[in-house]
2 protein chains.
Amino acid sequence: MTDPLPPGPLPPGSVIGILGGGQLGRMLSVAAARLGYRCHIYEPAANPPAGDVACRVTTASYDDATALTEFAGAVDVVTYEFENIPTEALDLLEALRSIRPCRPALAISQDRIAEKDFLNGLGLATAPYARVESRADLDVALKTIGTPAILKTTRLGYDGKGQARIMAPDQAEAALAAMQGAAAVLEGFVSFSHEVSVIAARGLDGSVACFDPGENVHEAGILRRTTVPARLSPAQRSDAVLIAARILNALDYVGVLGVELFVTPAGLLVNEIAPRVHNSGHWTQNGCAVDQFEQHIRAITGWPLGDGSRHSDVVMENLIGDDIAKIPAIAGERHAALHLYGKPEARPGRKMGHVNRVTPR
Amino acid sequence: MTDPLPPGPLPPGSVIGILGGGQLGRMLSVAAARLGYRCHIYEPAANPPAGDVACRVTTASYDDATALTEFAGAVDVVTYEFENIPTEALDLLEALRSIRPCRPALAISQDRIAEKDFLNGLGLATAPYARVESRADLDVALKTIGTPAILKTTRLGYDGKGQARIMAPDQAEAALAAMQGAAAVLEGFVSFSHEVSVIAARGLDGSVACFDPGENVHEAGILRRTTVPARLSPAQRSDAVLIAARILNALDYVGVLGVELFVTPAGLLVNEIAPRVHNSGHWTQNGCAVDQFEQHIRAITGWPLGDGSRHSDVVMENLIGDDIAKIPAIAGERHAALHLYGKPEARPGRKMGHVNRVTPR
């Protein structure tokens with residue numbers, strides 16, 4: 001591993017290297033600029049959204065050792081905007097530069113089984129789950145867990161991709177086929193009233209700050225809306241924050257982490273964690289003085305964290321695909337803050353932007 | 001003049017050319033990205049603050065016809081972040097691309113006498129003033145206007161530069177010498193209780209929207225603090241907004257305009273106008289869903305304007321020179337939003353950033 005960075009905040013003008021150039025990288029880059037830092041984006045695809053607001057862009061694949069080495073040499077710290085970065089790329093980078101958040105968080109979130117093992121090991125409740133590598137595994141798992149259940153690839157899943165529902169045992173074969181031979185996990189359906197998420201952060205000094213939990217609504221496996229405040233009792237609110245803090249501390253985490261939770265009669269269950277800024281935290285841009293993007297930059301550069309306090313209620317709505325047709329109407333709404341990602345083409349399911357509708361408290 | 005742009009908003013991905021690459025250009029560039037536009041900065045100085053968050057930077061002087069022509073060809077509309085742009089550069093650009101806000105606004109704000117003539121022509125009150133091109137002019141002016149008074153160059157003044165106070169007639173000679181031969185204007189002192197400013201906007205369709213007036217405190221000729229809401233009666237608040245709207249309409253203005261007003265027992269006097277986003281409007285970044293930077297981008301690209309409504313009270317404080325030493329303490333404050341400009345060196349009087357301290361209403 002490389003030498004750790006010196007203590008104290010990175011000096012102004014330092015360069016933050018961001019792996020991934022999508023909208024999360026774009027909004028991280030703006031937040032970094034606000035604190036006096038510059039960003040260098042590493043992204044395989046041409047013309048990434050983050051490139052519009054970054055100092056520099058490297059367009060290269062994650063197996064390009066020369067480009068990765070040059071990137072590491074040009075930046076002061078490395079972070080990432082998505083979790084599915086090939087391990088080999090991280091091995092190479094980590095030998096040259098500090099990576100924040102740390103590798104174990106990334107490794108755990110890249111594998112649904114490792115993640116659930118980790119969470120259960122901390123005493124946190126999750127949906128029942130079982131590893132599935134064959135039809136025989138699946139049959140056993142279905143007997144234990146029952147239907148309905150959901151089969152998911154253990155790796156590289158996001159926004160509902162790599163998932164198949166099994167409503168009855170006769171759908172097992174089709175679900176397994178949908179995994180295309182990849183290792184999978186069967187998860188039992190959880191009877192929950194609603195989903196909330198906590199956007200939590202841990203600083204270099206180990207301090208933890210959480211934003212108020214938001215309540216999420218998904219459509220077709222993609223986040224549609226986050227409402228803050230969420231419907232939670234004071235006790236549930238404390239539980240949610242304590243769960244997030246336990247995860248952060250266990251990982252010796254530095255940065256922002258998204259924790260999705262199911263609200264059930266038996267308490268809160270952890271659905272999944274994301275070791276990065278999170279779509280369900282976009283409301284913070286217009287609800288807090290320090291938003292999740294700046295919070296992440298503060299954490300990885302050694303600043304004190306914002307305290308996460310909220311000055312307004314917010315409803316965040318994603319603008320997906322053809323939703324961009326709504327933009328003219330939204331532009332005329334009172335207290336509506338638009339955030340577009342500069343993507344040239346509106347494909348179905350593609351996140352084009354979001355709107356934060358703000359209500360002063 | 002070039003062909004006007006087509007009606008309706010500029011399509012996503014269009015390029016906004018910004019003359020000037022300081023902090024105002026930087027924050028305009030971020031706002032433009034939020035609406036899906038890209039920015040191209042034109043700036044004579046190397047490594048401009050706006051360059052960190054812009055798609056492209058042209059480093060060239062304002063008399064470089066080749067660079068200006070290439071810039072005009074690479075952008076869809078031209079705007080500016082400061083008013084002291086040489087006329088010849090604007091003549092060249094205007095033949096190739098629409099410039100918003102329009103030339104007359106720029107011409108008026110570049111000349112203190114033209115500005116005051118214009119304002120008085122609209123029936124708006126200003127301080128008493130007289131043109132001074134010689135010692136004889138100054139003596140006559142001092143007899144009419146009296147002392148204390150202030151002598152200012154008619155052009156290229158900002159942040160208190162090019163100004164000399166005359167507390168008694170025997171200081172006339174020194175004040176005149178400080179003008180270094182430039183045409184000047186003598187302005188009478190106004191007895192005012194405080195200064196406020198209105199950040200006003202006018203859209204392509206002629207609609208007008210104003211942010212709540214802010215109350216400004218200057219130190220050494222530089223804005224130190226803006227507080228919103230300002231101390232104004234409801235009638236004064238209406239007057240302030242009506243004054244700004246009258247100016248915008250008279251100029252057939254498109255974009256954001258800053259109007260500084262003195263609050264006096266006899267009513268509001270116009271101190272000066274700035275045909276651009278304004279330091280005293282930085283509070284809008286954390287007080288409104290649509291801030292002054294986005295409002296300007298909305299206006300010049302043909303979007304509907306935000307309505308200017310405010311969700312929080314805000315105190316904006318500039319961080320000037322050594323004030324950057326305060327940053328660690330500010331970073332730990334609740335509800336404090338920091339905005340740094342990425343300038344490498346903290347010189348005395350140099351604006352390094354600002355902080356918006358937010359109080360939910």
# chains A, B, ... in the order shown; residues from 1 in each chain; ligands from 1
>>> interface_residues(of="chain A", to="chain B", cutoff="6 Å", atoms="only C-alpha atoms", output="MDAnalysis selection string")
chainID A and resid 34:36 52:55 289 311 335:337 339:342 360
>>> residues_around(residues="B:Leu223", least_positions_apart="5", cutoff="9 Å", atoms="only C-alpha atoms", output="VMD selection string")
chain B and resid 159 216 to 218 279 to 280 317 to 318
>>> write_last_selection(atoms="C-alpha atoms", output="short mmCIF file (atom, residue, chain, number, x, y, z; two decimals), in the first residue's frame")
data_model
loop_
_atom_site.label_atom_id
_atom_site.label_comp_id
_atom_site.auth_asym_id
_atom_site.auth_seq_id
_atom_site.Cartn_x
_atom_site.Cartn_y
_atom_site.Cartn_z
CA ASP B 159 -14.17 47.54 -5.55
CA ASN B 216 -24.88 45.38 2.19
CA VAL B 217 -21.96 46.38 4.39
CA HIS B 218 -18.72 47.46 2.73
CA ASN B 279 -21.47 39.71 -5.28
CA SER B 280 -24.43 40.88 -3.20
CA GLU B 317 -19.88 37.07 4.18
CA ASN B 318 -17.01 37.52 1.75
#
>>> residues_around(residues="B:Gly146", least_positions_apart="5", cutoff="10 Å", atoms="only C-alpha atoms", output="short mmCIF file (atom, residue, chain, number, x, y, z; two decimals) with N, CA and C atoms, in the first residue's frame")
data_model
loop_
_atom_site.label_atom_id
_atom_site.label_comp_id
_atom_site.auth_asym_id
_atom_site.auth_seq_id
_atom_site.Cartn_x
_atom_site.Cartn_y
_atom_site.Cartn_z
N PRO B 128 -26.08 63.68 -6.29
CA PRO B 128 -25.73 64.76 -7.21
C PRO B 128 -24.35 64.46 -7.82
N ASP B 139 -13.47 72.64 -9.41
CA ASP B 139 -13.79 73.76 -8.52
C ASP B 139 -15.27 74.14 -8.64
N VAL B 140 -15.75 74.18 -9.89
CA VAL B 140 -17.18 74.49 -10.09
C VAL B 140 -18.05 73.42 -9.45
N ALA B 141 -17.67 72.18 -9.68
CA ALA B 141 -18.47 71.07 -9.16
C ALA B 141 -18.50 71.09 -7.63
N ILE B 166 -12.99 63.67 -1.07
CA ILE B 166 -12.64 65.07 -0.84
C ILE B 166 -13.46 65.55 0.35
N MET B 167 -12.80 65.64 1.50
CA MET B 167 -13.51 66.02 2.72
C MET B 167 -13.60 67.54 2.85
N ALA B 168 -12.61 68.23 2.24
CA ALA B 168 -12.60 69.70 2.26
C ALA B 168 -11.97 70.16 0.94
N PRO B 169 -12.31 71.39 0.51
CA PRO B 169 -11.85 71.85 -0.80
C PRO B 169 -10.33 71.77 -0.98
N LEU B 186 -17.54 63.96 -10.12
CA LEU B 186 -17.63 64.28 -8.70
C LEU B 186 -19.04 63.91 -8.23
N GLU B 187 -19.08 63.10 -7.18
CA GLU B 187 -20.38 62.71 -6.64
C GLU B 187 -20.53 63.26 -5.23
N GLY B 188 -21.67 63.86 -4.95
CA GLY B 188 -21.93 64.34 -3.61
C GLY B 188 -22.15 63.17 -2.66
N PHE B 189 -21.77 63.36 -1.41
CA PHE B 189 -22.05 62.33 -0.41
C PHE B 189 -23.54 62.29 -0.16
#
>>> select_by_dssp(residues="stretch 172-320 of chain B", states="helix (DSSP H, G or I)", output="number ranges by chain")
B: 172-178, 234-250, 279-281, 284-287, 292-301
>>> write_last_selection(atoms="C-alpha atoms", output="short mmCIF file (atom, residue, chain, number, x, y, z; two decimals), in the first residue's frame")
data_model
loop_
_atom_site.label_atom_id
_atom_site.label_comp_id
_atom_site.auth_asym_id
_atom_site.auth_seq_id
_atom_site.Cartn_x
_atom_site.Cartn_y
_atom_site.Cartn_z
CA ALA B 172 -9.19 68.80 -4.49
CA GLU B 173 -5.75 68.84 -6.07
CA ALA B 174 -4.67 65.51 -4.57
CA ALA B 175 -7.93 63.87 -5.56
CA LEU B 176 -7.61 65.09 -9.12
CA ALA B 177 -4.02 63.80 -9.27
CA ALA B 178 -5.27 60.37 -8.14
CA PRO B 234 -42.91 46.99 2.81
CA ALA B 235 -43.20 50.22 0.81
CA GLN B 236 -39.42 50.51 0.45
CA ARG B 237 -39.24 46.88 -0.62
CA SER B 238 -41.78 47.54 -3.38
CA ASP B 239 -39.95 50.69 -4.42
CA ALA B 240 -36.67 48.81 -4.67
CA VAL B 241 -38.16 46.16 -6.92
CA LEU B 242 -40.01 48.70 -9.06
CA ILE B 243 -36.80 50.69 -9.59
CA ALA B 244 -34.99 47.55 -10.74
CA ALA B 245 -37.85 46.59 -13.06
CA ARG B 246 -37.92 50.07 -14.60
CA ILE B 247 -34.20 49.86 -15.38
CA LEU B 248 -34.52 46.36 -16.88
CA ASN B 249 -37.42 47.33 -19.11
CA ALA B 250 -35.82 50.58 -20.26
CA ASN B 279 -21.47 39.71 -5.28
CA SER B 280 -24.43 40.88 -3.20
CA GLY B 281 -26.54 38.12 -4.81
CA THR B 284 -29.26 33.18 -3.34
CA GLN B 285 -27.12 30.04 -3.74
CA ASN B 286 -28.32 28.80 -0.36
CA GLY B 287 -31.53 30.78 0.07
CA GLN B 292 -28.77 34.30 -9.35
CA PHE B 293 -26.32 32.31 -11.48
CA GLU B 294 -28.95 29.90 -12.73
CA GLN B 295 -31.35 32.83 -13.15
CA HIS B 296 -28.84 34.51 -15.47
CA ILE B 297 -28.33 31.31 -17.46
CA ARG B 298 -32.10 30.80 -17.66
CA ALA B 299 -32.57 34.34 -18.98
CA ILE B 300 -29.87 34.24 -21.66
CA THR B 301 -30.84 30.76 -22.87
#
>>> closest_residue(among="A:Val190, A:Val277, A:Val315, A:Val263", to="A:Val228", atoms="only C-alpha atoms")
A:Val315
>>> select_by_dssp(residues="stretch 179-315 of chain A", states="strand (DSSP E or B)", output="ChimeraX atom specification")
/A:184-188,194-202,208-210,214-219,222-228,255-264,267-274,312-315
>>> residues_around(residues="B:Ser109", least_positions_apart="4", cutoff="12 Å", atoms="only C-alpha atoms", output="CSV table (one decimal) with N, CA, C and O atoms, in the first residue's frame")
chain,number,residue,atom,x,y,z
B,82,PHE,N,-18.1,40.4,-16.2
B,82,PHE,CA,-17.7,41.8,-15.7
B,82,PHE,C,-17.9,42.8,-16.8
B,82,PHE,O,-18.1,42.4,-18.0
B,83,GLU,N,-18.0,44.0,-16.5
B,83,GLU,CA,-18.5,45.0,-17.4
B,83,GLU,C,-17.4,45.7,-18.2
B,83,GLU,O,-17.7,46.4,-19.2
B,84,ASN,N,-16.2,45.6,-17.8
B,84,ASN,CA,-15.1,46.4,-18.4
B,84,ASN,C,-14.5,45.7,-19.6
B,84,ASN,O,-13.2,45.6,-19.7
B,85,ILE,N,-15.3,45.3,-20.5
B,85,ILE,CA,-14.7,44.6,-21.7
B,85,ILE,C,-14.6,45.6,-22.8
B,85,ILE,O,-15.4,46.4,-23.0
B,101,PRO,N,-26.4,40.0,-21.5
B,101,PRO,CA,-27.2,41.2,-21.8
B,101,PRO,C,-26.7,42.0,-22.9
B,101,PRO,O,-25.5,41.9,-23.3
B,102,CYS,N,-27.6,42.9,-23.4
B,102,CYS,CA,-27.3,43.7,-24.6
B,102,CYS,C,-26.3,44.8,-24.4
B,102,CYS,O,-25.9,45.2,-23.3
B,103,ARG,N,-25.7,45.2,-25.5
B,103,ARG,CA,-24.7,46.2,-25.5
B,103,ARG,C,-25.0,47.5,-24.8
B,103,ARG,O,-24.2,48.0,-24.1
B,104,PRO,N,-26.2,48.1,-25.0
B,104,PRO,CA,-26.5,49.4,-24.3
B,104,PRO,C,-26.3,49.3,-22.8
B,104,PRO,O,-25.8,50.2,-22.2
B,105,ALA,N,-26.7,48.2,-22.2
B,105,ALA,CA,-26.6,48.0,-20.8
B,105,ALA,C,-25.1,48.1,-20.4
B,105,ALA,O,-24.7,48.7,-19.4
B,113,ILE,N,-21.0,58.5,-15.8
B,113,ILE,CA,-21.8,59.7,-16.1
B,113,ILE,C,-23.0,59.2,-17.0
B,113,ILE,O,-24.2,59.6,-16.8
B,114,ALA,N,-22.7,58.4,-18.0
B,114,ALA,CA,-23.8,57.8,-18.8
B,114,ALA,C,-24.8,57.1,-18.0
B,114,ALA,O,-26.0,57.2,-18.2
B,115,GLU,N,-24.3,56.4,-17.0
B,115,GLU,CA,-25.2,55.6,-16.1
B,115,GLU,C,-26.1,56.6,-15.3
B,115,GLU,O,-27.4,56.4,-15.3
B,116,LYS,N,-25.5,57.6,-14.7
B,116,LYS,CA,-26.4,58.5,-13.9
B,116,LYS,C,-27.3,59.3,-14.8
B,116,LYS,O,-28.5,59.6,-14.5
B,117,ASP,N,-26.8,59.7,-16.0
B,117,ASP,CA,-27.7,60.4,-17.0
B,117,ASP,C,-28.9,59.5,-17.3
B,117,ASP,O,-30.1,59.9,-17.3
B,118,PHE,N,-28.6,58.2,-17.6
B,118,PHE,CA,-29.7,57.3,-17.9
B,118,PHE,C,-30.7,57.1,-16.8
B,118,PHE,O,-31.9,57.2,-16.9
B,119,LEU,N,-30.2,57.0,-15.5
B,119,LEU,CA,-31.0,56.8,-14.4
B,119,LEU,C,-31.9,58.0,-14.1
B,119,LEU,O,-33.1,57.9,-13.9
B,154,THR,N,-14.6,58.0,-14.5
B,154,THR,CA,-15.9,57.6,-15.1
B,154,THR,C,-15.9,56.2,-15.5
B,154,THR,O,-17.0,55.6,-15.7
B,155,ARG,N,-14.7,55.6,-15.8
B,155,ARG,CA,-14.7,54.3,-16.4
B,155,ARG,C,-13.8,53.3,-15.6
B,155,ARG,O,-12.9,53.8,-14.8
B,156,LEU,N,-13.9,52.0,-15.7
B,156,LEU,CA,-13.0,51.0,-15.2
B,156,LEU,C,-12.8,51.0,-13.7
B,156,LEU,O,-11.8,50.7,-13.2
B,157,GLY,N,-13.8,51.5,-12.9
B,157,GLY,CA,-13.7,51.5,-11.5
B,157,GLY,C,-14.4,50.3,-10.9
B,157,GLY,O,-15.5,49.9,-11.4
B,158,TYR,N,-13.9,49.6,-9.9
B,158,TYR,CA,-14.6,48.6,-9.2
B,158,TYR,C,-13.9,48.4,-7.8
B,158,TYR,O,-12.8,48.7,-7.7
B,247,ILE,N,-35.5,49.9,-14.7
B,247,ILE,CA,-34.2,49.9,-15.4
B,247,ILE,C,-34.1,48.7,-16.4
B,247,ILE,O,-33.7,48.9,-17.5
B,251,LEU,N,-33.9,49.1,-20.6
B,251,LEU,CA,-32.8,48.6,-21.4
B,251,LEU,C,-33.1,47.5,-22.3
B,251,LEU,O,-32.3,46.9,-23.0
B,257,LEU,N,-29.2,41.6,-13.4
B,257,LEU,CA,-28.7,42.9,-13.2
B,257,LEU,C,-28.7,43.2,-11.7
B,257,LEU,O,-29.6,42.9,-11.0
B,258,GLY,N,-27.5,43.7,-11.2
B,258,GLY,CA,-27.5,44.1,-9.8
B,258,GLY,C,-27.7,45.6,-9.7
B,258,GLY,O,-27.1,46.4,-10.4
B,259,VAL,N,-28.6,46.0,-8.8
B,259,VAL,CA,-28.9,47.4,-8.6
B,259,VAL,C,-28.6,47.8,-7.1
B,259,VAL,O,-29.2,47.2,-6.2
B,271,ASN,N,-27.4,53.9,-6.4
B,271,ASN,CA,-25.9,54.1,-6.3
B,271,ASN,C,-25.3,53.7,-7.6
B,271,ASN,O,-24.7,54.5,-8.3
B,272,GLU,N,-25.4,52.4,-8.0
B,272,GLU,CA,-24.9,52.0,-9.3
B,272,GLU,C,-25.6,50.8,-9.7
B,272,GLU,O,-26.2,50.0,-8.9
B,273,ILE,N,-25.4,50.5,-11.0
B,273,ILE,CA,-26.0,49.2,-11.5
B,273,ILE,C,-24.8,48.4,-12.1
B,273,ILE,O,-23.8,48.9,-12.6
B,274,ALA,N,-25.0,47.1,-12.1
B,274,ALA,CA,-24.0,46.2,-12.7
B,274,ALA,C,-24.7,45.2,-13.6
B,274,ALA,O,-25.6,44.5,-13.1
B,275,PRO,N,-24.3,45.2,-14.9
B,275,PRO,CA,-25.1,44.4,-15.8
B,275,PRO,C,-24.7,42.9,-15.8
B,275,PRO,O,-24.2,42.4,-16.9
B,276,ARG,N,-24.8,42.3,-14.7
B,276,ARG,CA,-24.2,40.9,-14.5
B,276,ARG,C,-24.7,40.4,-13.1
B,276,ARG,O,-25.2,41.1,-12.3
>>> atom_distance(atom1="atom CA of B:Ala95", atom2="atom CA of B:Arg202")
23.4 Å
